[in-house]
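Colleague: Pasting upload-v6.cif here (mmCIF, C-alpha atoms):
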```cif
data_target
loop_
_atom_site.label_atom_id
_atom_site.label_comp_id
_atom_site.auth_asym_id
_atom_site.auth_seq_id
_atom_site.Cartn_x
_atom_site.Cartn_y
_atom_site.Cartn_z
CA MET A 1 46.71 106.40 -31.35
CA ARG A 2 45.37 105.48 -27.96
CA LEU A 3 44.97 107.42 -24.76
CA LEU A 4 48.09 106.85 -22.74
CA ILE A 5 48.05 105.72 -19.14
CA ASN A 6 50.51 103.38 -17.53
CA TRP A 7 49.14 99.93 -16.76
CA ASN A 8 51.29 99.46 -13.66
CA LYS A 9 51.00 103.14 -12.71
CA LEU A 10 54.62 103.52 -11.65
CA GLN A 11 56.45 101.34 -14.15
CA GLY A 12 56.93 101.36 -17.88
CA LYS A 13 57.78 104.00 -20.45
CA TYR A 14 55.07 106.43 -19.35
CA GLY A 15 55.32 105.80 -15.60
CA GLY A 16 56.95 109.19 -15.10
CA ALA A 17 53.91 110.93 -16.55
CA TYR A 18 51.56 109.51 -13.92
CA GLY A 19 53.80 108.39 -11.07
CA ASN A 20 53.70 111.82 -9.44
CA PHE A 21 49.92 111.64 -9.13
CA ILE A 22 49.62 108.23 -7.47
CA ASP A 23 49.58 109.50 -3.88
CA ASN A 24 47.17 112.38 -4.51
CA ASN A 25 43.83 111.73 -2.86
CA GLU A 26 41.73 114.32 -4.66
CA THR A 27 40.53 113.45 -8.16
CA PHE A 28 38.61 115.21 -10.92
CA ALA A 29 35.21 116.40 -9.72
CA VAL A 30 33.52 114.20 -12.31
CA SER A 31 34.72 110.76 -13.37
CA LEU A 32 34.98 109.86 -17.05
CA CYS A 33 31.91 107.63 -16.85
CA LYS A 34 29.75 110.50 -15.59
CA THR A 35 30.88 113.27 -17.95
CA PRO A 36 28.28 112.47 -20.65
CA MET A 37 25.57 113.29 -18.11
CA LYS A 38 27.34 116.28 -16.54
CA SER A 39 28.58 117.91 -19.76
CA PRO A 40 26.64 116.34 -22.65
CA LEU A 41 27.22 119.18 -25.12
CA VAL A 42 30.98 119.26 -24.60
CA TRP A 43 31.13 115.48 -24.77
CA CYS A 44 29.20 115.31 -28.04
CA GLY A 45 31.11 118.23 -29.53
CA ALA A 46 34.47 116.70 -28.63
CA MET A 47 33.50 113.36 -30.20
CA ALA A 48 32.29 115.06 -33.37
CA CYS A 49 35.41 117.25 -33.72
CA LEU A 50 38.18 115.45 -31.85
CA CYS A 51 41.17 117.28 -33.32
CA PRO A 52 39.77 120.84 -33.10
CA ALA A 53 38.52 120.08 -29.57
CA ALA A 54 41.98 118.88 -28.52
CA ILE A 55 43.58 122.06 -29.88
CA TYR A 56 41.04 124.35 -28.26
CA MET A 57 41.16 122.54 -24.92
CA ARG A 58 44.97 122.65 -24.77
CA LYS A 59 44.99 126.41 -25.21
CA LYS A 60 42.19 126.78 -22.67
CA ALA A 61 44.06 124.64 -20.14
CA LEU A 62 47.34 126.51 -20.61
CA ASN A 63 45.62 129.85 -20.17
CA HIS A 64 43.66 128.53 -17.21
CA VAL A 65 46.94 127.73 -15.47
CA GLU A 66 48.56 131.01 -16.55
CA PRO A 67 45.92 133.52 -17.75
CA GLY A 68 46.90 135.53 -20.80
CA SER A 69 49.83 133.30 -21.70
CA GLY A 70 48.41 132.29 -25.07
CA TRP A 71 50.56 129.55 -26.59
CA SER A 72 53.79 130.68 -24.90
CA ASN A 73 53.87 127.66 -22.54
CA TYR A 74 53.08 125.09 -25.20
CA THR A 75 55.36 122.14 -25.90
CA CYS A 76 54.55 118.90 -27.69
CA CYS A 77 52.39 116.81 -25.32
CA GLN A 78 53.60 119.29 -22.67
CA GLY A 79 56.61 117.01 -22.24
CA TYR A 80 54.62 114.32 -20.42
CA PHE A 81 55.26 111.50 -22.88
CA GLY A 82 58.83 112.05 -23.99
CA GLY A 83 59.72 111.83 -27.65
CA CYS A 84 60.84 109.53 -30.40
CA CYS A 85 64.27 109.65 -32.06
CA CYS A 86 64.84 113.20 -33.31
CA ILE A 87 61.32 114.33 -32.33
CA GLN A 88 61.66 115.65 -28.79
CA PRO A 89 59.26 117.99 -26.92
CA GLY A 90 60.54 121.54 -26.85
CA LYS A 91 62.90 121.00 -29.79
CA ILE A 92 60.58 120.81 -32.78
CA GLY A 93 59.81 124.50 -33.28
CA GLU A 94 57.03 124.94 -30.73
CA LYS A 95 58.18 128.42 -29.76
CA SER A 96 58.19 129.75 -33.31
CA CYS A 97 55.08 127.93 -34.59
CA PRO A 98 53.07 126.71 -31.58
CA CYS A 99 49.72 126.61 -33.40
CA MET A 100 51.10 124.57 -36.27
CA CYS A 101 52.83 122.17 -33.87
CA MET A 102 49.65 121.73 -31.84
CA CYS A 103 47.68 121.01 -35.01
CA LEU A 104 50.22 118.34 -35.97
CA GLU A 105 50.14 116.90 -32.45
CA ALA A 106 46.35 116.68 -32.45
CA THR A 107 46.34 115.11 -35.92
CA CYS A 108 49.18 112.61 -35.53
CA CYS A 109 49.08 111.88 -31.78
CA LEU A 110 45.51 112.53 -30.73
CA GLY A 111 45.52 110.15 -27.76
CA PRO A 112 48.63 111.62 -26.10
CA ALA A 113 47.38 115.13 -26.95
CA VAL A 114 44.13 114.61 -25.02
CA SER A 115 45.96 112.88 -22.16
CA ALA A 116 48.55 115.67 -21.93
CA THR A 117 45.85 118.33 -21.56
CA SER A 118 44.28 116.27 -18.80
CA ASN A 119 47.66 116.08 -17.06
CA VAL A 120 48.08 119.86 -17.21
CA ILE A 121 45.00 120.27 -15.01
CA ARG A 122 45.86 117.19 -12.96
CA GLU A 123 49.25 118.66 -12.11
CA GLN A 124 47.90 122.15 -11.46
CA TYR A 125 45.51 120.93 -8.77
CA SER A 126 47.45 117.85 -7.58
CA LEU A 127 44.71 115.46 -8.68
CA GLY A 128 45.14 111.72 -8.36
CA LEU A 129 44.07 108.82 -10.54
CA ASP A 130 40.46 107.67 -10.36
CA GLU A 131 40.28 103.87 -10.51
CA ASP A 132 37.20 103.89 -12.75
CA ASP A 133 38.95 106.25 -15.15
CA VAL A 134 41.97 103.95 -15.29
CA ARG A 135 39.75 100.93 -16.04
CA LEU A 136 37.94 102.77 -18.83
CA ILE A 137 41.18 103.87 -20.48
CA ARG A 138 42.63 100.38 -20.15
CA CYS A 139 39.54 99.01 -21.88
CA SER A 140 40.04 101.42 -24.78
CA ASN A 141 43.72 100.49 -25.02
CA CYS A 142 42.96 96.75 -24.95
CA LEU A 143 40.44 97.10 -27.75
CA PHE A 144 43.01 98.97 -29.82
CA TYR A 145 45.69 96.30 -29.40
CA PHE A 146 43.18 93.53 -30.01
CA SER A 147 42.03 95.27 -33.18
CA PHE A 148 45.63 95.71 -34.31
CA CYS A 149 46.39 92.02 -33.77
CA LEU A 150 43.28 90.94 -35.65
CA SER A 151 44.16 93.22 -38.55
CA CYS A 152 47.63 91.65 -38.76
CA VAL A 153 46.17 88.14 -38.66
CA SER A 154 43.61 88.95 -41.35
CA ARG A 155 46.38 90.15 -43.67
CA LEU A 156 48.55 87.10 -43.07
CA THR A 157 45.87 84.42 -43.41
CA ASP A 158 43.16 83.50 -45.89
CA CYS A 159 40.59 82.43 -43.31
CA GLU A 160 37.05 83.17 -44.38
CA GLY A 161 35.46 85.95 -42.38
CA ASP A 162 38.60 87.20 -40.65
CA ASP A 163 38.56 90.48 -42.60
CA ALA A 164 34.99 91.14 -41.54
CA LEU A 165 35.77 90.35 -37.91
CA ALA A 166 38.81 92.63 -37.94
CA ALA A 167 36.74 95.43 -39.47
CA ILE A 168 34.02 95.05 -36.83
CA VAL A 169 36.48 95.06 -33.92
CA ASN A 170 38.33 98.02 -35.45
CA THR A 171 35.08 99.98 -35.70
CA VAL A 172 34.18 99.17 -32.11
CA SER A 173 37.67 100.22 -31.00
CA ASP A 174 37.38 103.54 -32.85
CA VAL A 175 33.96 104.26 -31.36
CA VAL A 176 35.18 103.52 -27.84
CA PHE A 177 38.25 105.69 -28.38
CA CYS A 178 36.08 108.60 -29.56
CA CYS A 179 33.77 108.20 -26.57
CA VAL A 180 36.62 108.06 -24.04
CA SER A 181 38.40 111.01 -25.67
CA GLY A 182 35.18 112.99 -25.53
CA CYS A 183 34.76 112.03 -21.88
CA MET A 184 38.28 113.15 -21.02
CA THR A 185 37.81 116.45 -22.86
CA ALA A 186 34.51 117.10 -21.08
CA GLN A 187 36.06 116.11 -17.75
CA VAL A 188 38.88 118.63 -18.12
CA ASN A 189 36.50 121.37 -19.27
CA HIS A 190 34.16 120.72 -16.33
CA GLU A 191 37.06 120.87 -13.86
CA MET A 192 38.30 124.19 -15.23
CA GLU A 193 34.84 125.73 -15.11
CA LEU A 194 34.35 124.48 -11.58
CA ARG A 195 37.66 125.92 -10.44
CA ASP A 196 36.92 129.23 -12.17
CA GLU A 197 33.60 129.48 -10.37
CA GLY A 198 35.26 128.76 -7.05
CA SER A 199 37.95 131.40 -7.55
CA SER A 200 35.68 134.17 -8.84
CA PRO A 201 34.79 136.88 -6.29
CA PRO A 202 31.27 136.68 -4.81
CA GLN A 203 28.64 138.89 -6.36
CA TYR A 204 26.68 141.10 -3.99
CA SER A 205 23.43 142.82 -4.79
CA MET A 206 22.68 146.22 -3.30
CA GLN A 207 19.84 146.30 -0.81
CA ARG A 208 17.68 149.36 -0.68
#
```
Now that the file is in, can you turn its structure into structure tokens?

Modeller:
Amino acid sequence: MRLLINWNKLQGKYGGAYGNFIDNNETFAVSLCKTPMKSPLVWCGAMACLCPAAIYMRKKALNHVEPGSGWSNYTCCQGYFGGCCCIQPGKIGEKSCPCMCMCLEATCCLGPAVSATSNVIREQYSLGLDEDDVRLIRCSNCLFYFSFCLSCVSRLTDCEGDDALAAIVNTVSDVVFCCVSGCMTAQVNHEMELRDEGSSPPQYSMQR
């Protein structure tokens, strides 16, 4: 599952998730491309443990917006990406079993899960869309679709070497997805820490 961002920004199935941020001038303090240098430990940790990182970061983001709320404000993908058939955000038992639902979300829909957490902070601080971030996510999405097409072709044809090519492209796509997901997780974490530092009262030392 890929990270979700609308290609035309205002059109398409997920346009509503990002359309409200188009006119916002302020963006995340650190772009996705720079997060490995700004938050290397978070980036590496998120790549190594994508699902646990997505779960932890969602709870952290929700409690950053409303301290002490726990999982009470959780819904599947926070309602940013709609649903599918009978699976609709807010109607799949999130209130009774939020932790279990978040675990399923992170396992089955990792891309939207990471994107939804990013949107929680984006909406909280009225952050816009960074053009470099959009390009990077588009690149990850393109690799995924290209890999999917190659996999279909390799199964339908007997061309020599097509299986190996599909496997290589699929591996590259997975690596890029992990890197971009780690970048987005680190970006959100960095923004929350930055905002927390800015809102904390100044510390004064007593002068004798």

Colleague: Restricting the calculation to only C-alpha atoms: of A:Val153, A:Ile22, A:Val176, A:Leu110, which residue gets closest to A:Glu123?

Modeller: A:Ile22

Colleague: Each residue of stretch 28-70 of chain A lying at most 12 Å from stretch 136-143 of chain A should get a row with its shortest atom-to-atom pair and the distance in Å to one decimal, counting only C-alpha atoms; could you produce that, ordered by chain and increasing number, as a tab-separated table?

Modeller:
```
residue	atom	partner	partner_atom	distance
A:Ser31	CA	A:Leu136	CA	10.2
A:Leu32	CA	A:Leu136	CA	7.9
A:Cys33	CA	A:Leu136	CA	8.0
A:Lys34	CA	A:Leu136	CA	11.7
```

Colleague: Point out the residue among A:Ala166, A:Cys179, A:Cys159, A:Arg122 with the least atom-to-atom distance to A:Phe21, counting all atoms listed in the file.

Modeller: A:Arg122

Colleague: Please report as CSV every residue of stretch 73-105 of chain A lying within 12 Å of stretch 46-64 of chain A, along with the nearest atom pair and their distance in Å (one decimal), using all atoms listed in the file.

Modeller:
```
residue,atom,partner,partner_atom,distance
A:Asn73,CA,A:Leu62,CA,6.9
A:Tyr74,CA,A:Leu62,CA,7.5
A:Thr75,CA,A:Arg58,CA,10.5
A:Cys76,CA,A:Arg58,CA,10.7
A:Cys77,CA,A:Arg58,CA,9.5
A:Gln78,CA,A:Arg58,CA,9.5
A:Pro98,CA,A:Lys59,CA,10.3
A:Cys99,CA,A:Ile55,CA,8.4
A:Met100,CA,A:Ile55,CA,10.2
A:Cys101,CA,A:Ile55,CA,10.1
A:Met102,CA,A:Ile55,CA,6.4
A:Cys103,CA,A:Ile55,CA,6.7
A:Leu104,CA,A:Cys51,CA,9.5
A:Glu105,CA,A:Ile55,CA,8.7
```

Colleague: Can you translate the PyMOL selection byres ((chain A and resi 125) around 12) into the concrete residues it hits in this file, as an MDAnalysis selection string?

Modeller: chainID A and resid 21 24:29 64:65 118:124 126:128 188 191:192 195

Colleague: Expressed in Å to a single decimal, how great is the separation between atom CA of A:Cys97 and atom CA of A:Gly70?

Modeller: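 So the answer is 12.4 Å.
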
Colleague: May I ask which of the residues A:Phe146, A:Leu194, A:Val114, A:Thr157 is the closest one to A:Ser173, counting all atoms listed in the file?

Modeller: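 Distance minimum relative to A:Ser173 lands on A:Phe146.
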
Colleague: Have a look at atom CA of A:Gln187 and atom CA of A:Pro36 and let me know their distance in Å, one decimal.

Modeller: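 Calculated distance between atom CA of A:Gln187 and atom CA of A:Pro36 is 9.1 Å.
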
Colleague: I'd like the interatomic distance between atom CA of A:Gly82 and atom CA of A:Pro112, to a tenth of an Å.

Modeller: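 That distance, rounded to one decimal, is 10.4 Å.
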
Colleague: Quick one: of A:Asp23, A:Leu150, A:Ser39, A:Lys91, who's nearest to A:Asn189, counting all atoms listed in the file?

Modeller: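 Closest to A:Asn189, using all atoms listed in the file: A:Ser39.
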